[in-house]
Amino acid sequence: MMKTIVWEGRFLTVVTEGTWEYAERKGQIAAAVIVAVDGENRLVLVEQHRIPLGKRTIELPAGLVGDEDAGESIATGARRELEEETGFRADHVENMGLFYSSPGMTSECFTIVRATGLTRVSDGGGDAEEDITVHLVPVEEVPAFIRLKRSEGLGIDAKILLVLDVATM
């Protein structure tokens with residue numbers, strides 16, 4: 001089948017291939033999603049406005065890797081994003097594998113990393129274009145926290161399922 005480019009932006013390309021329409025991540029840019037639990041057994045979550053949804057969302061810290069420095073490693077990018085978004089520096093970053101976000105709609109993938117040995121070095125909050133609120137939620141309270149935030153009208157990123165006990169929700 002022939003692939004046809006419908007539109008190209010800075011980070012995405014929209015294509016058709018046969019009857020399929022989907023988005024591709026451009027270039028060598030990757031993404032890291034960070035599962036970080038501090039020394040008090042609190043999960044580090046972020047809350048930020050997401051334009052495509054038109055609302056604030058609860059998410060695991062995450063970000064693009066290689067969008068600023070070509071050839072950046074997943075571990076380096078994950079450390080940078082964790083510190084930028086949350087103010088935590090990680091002593092260790094463990095690669096937990098590559099996952100695809102929505103394989104029927106996009107080629108986008110991300111690597112899950114586990115960050116440990118956390119030290120708070122700033123308030124976080126993201127860069128000048130982001131307005132990130134950091135939440136430190138005791139691991140056993142994550143399901144209740146997600147229920148509360150959903151009842152307040154916030155969106156919940158599907159990657160939160162990594163840390164939820166869905167049987168108790």
# chains A, B, ... in the order shown; residues from 1 in each chain; ligands from 1

call {"tool": "residues_around", "arguments": {"residues": "Met1 in chain A", "least_positions_apart": "5", "cutoff": "10 Å", "atoms": "only C-alpha atoms", "output": "list in words"}}
result
Thr16, Glu17, Gly18 and Thr19 of chain A

call {"tool": "select_by_dssp", "arguments": {"residues": "range 63-154 of chain A", "states": "strand (DSSP E)", "output": "NGL selection string"}}
result
:A and (63-65 or 88-100 or 109-120 or 133-138)

call {"tool": "closest_atom_pairs", "arguments": {"of": "range 49-102 of chain A", "to": "range 144-159 of chain A", "cutoff": "8 Å", "atoms": "only C-alpha atoms", "output": "JSON lines"}}
result
{"residue": "A:Leu53", "atom": "CA", "partner": "A:Gly155", "partner_atom": "CA", "distance": 7.8}
{"residue": "A:Lys55", "atom": "CA", "partner": "A:Leu154", "partner_atom": "CA", "distance": 6.4}
{"residue": "A:Arg56", "atom": "CA", "partner": "A:Leu154", "partner_atom": "CA", "distance": 5.4}
{"residue": "A:Thr57", "atom": "CA", "partner": "A:Gly155", "partner_atom": "CA", "distance": 4.3}
{"residue": "A:Ile58", "atom": "CA", "partner": "A:Ile156", "partner_atom": "CA", "distance": 5.1}
{"residue": "A:Glu59", "atom": "CA", "partner": "A:Asp157", "partner_atom": "CA", "distance": 5.3}
{"residue": "A:Leu60", "atom": "CA", "partner": "A:Lys159", "partner_atom": "CA", "distance": 7.1}

call {"tool": "closest_residue", "arguments": {"among": "A:Val121, A:Val6, A:Leu43, A:Ala36", "to": "Pro138 in chain A", "atoms": "only C-alpha atoms"}}
result
A:Leu43

call {"tool": "atom_distance", "arguments": {"atom1": "CA of Gly87 in chain A", "atom2": "CA of Leu162 in chain A"}}
result
22.0 Å

call {"tool": "select_by_dssp", "arguments": {"residues": "range 1-165 of chain A", "states": "alpha helix (DSSP H)", "output": "list in words"}}
result
Ile74, Ala75, Thr76, Gly77, Ala78, Arg79, Arg80, Glu81, Leu82, Glu83, Glu84, Glu85, Thr86, Val142, Pro143, Ala144, Phe145, Ile146, Arg147, Leu148, Lys149, Arg150 and Ser151 of chain A

call {"tool": "closest_residue", "arguments": {"among": "A:Gly126, A:Gly54, A:Gly66, A:Gly9", "to": "Ala31 in chain A", "atoms": "only C-alpha atoms"}}
result
A:Gly66

call {"tool": "closest_atom_pairs", "arguments": {"of": "range 85-149 of chain A", "to": "range 38-41 of chain A", "cutoff": "10 Å", "atoms": "only C-alpha atoms", "output": "tab-separated table"}}
result
residue	atom	partner	partner_atom	distance
A:Phe88	CA	A:Asp38	CA	9.0
A:Ala90	CA	A:Asp38	CA	9.5
A:Ala115	CA	A:Asp38	CA	8.9
A:Thr116	CA	A:Asp38	CA	7.0
A:Gly117	CA	A:Asp38	CA	7.2
A:Leu118	CA	A:Asp38	CA	5.7
A:Thr119	CA	A:Asp38	CA	8.1
A:Arg120	CA	A:Asp38	CA	9.3
A:Leu136	CA	A:Asp38	CA	8.5
A:Val137	CA	A:Asn41	CA	8.3
A:Pro138	CA	A:Asn41	CA	5.9
A:Val139	CA	A:Asn41	CA	6.1
A:Glu140	CA	A:Asn41	CA	8.8

call {"tool": "closest_residue", "arguments": {"among": "A:Ile74, A:Ile132, A:Ile5, A:Val14", "to": "Val33 in chain A", "atoms": "only C-alpha atoms"}}
result
A:Ile74

call {"tool": "residues_around", "arguments": {"residues": "Asp69 in chain A", "least_positions_apart": "6", "cutoff": "12 Å", "atoms": "only C-alpha atoms", "output": "VMD selection string"}}
result
chain A and resid 28 to 30 76 to 77 80

call {"tool": "atom_distance", "arguments": {"atom1": "CA of His92 in chain A", "atom2": "CA of Ala75 in chain A"}}
result
8.8 Å

call {"tool": "residues_around", "arguments": {"residues": "range 94-103 of chain A", "least_positions_apart": "5", "cutoff": "6 Å", "atoms": "only C-alpha atoms", "output": "number ranges by chain"}}
result
A: 109-114
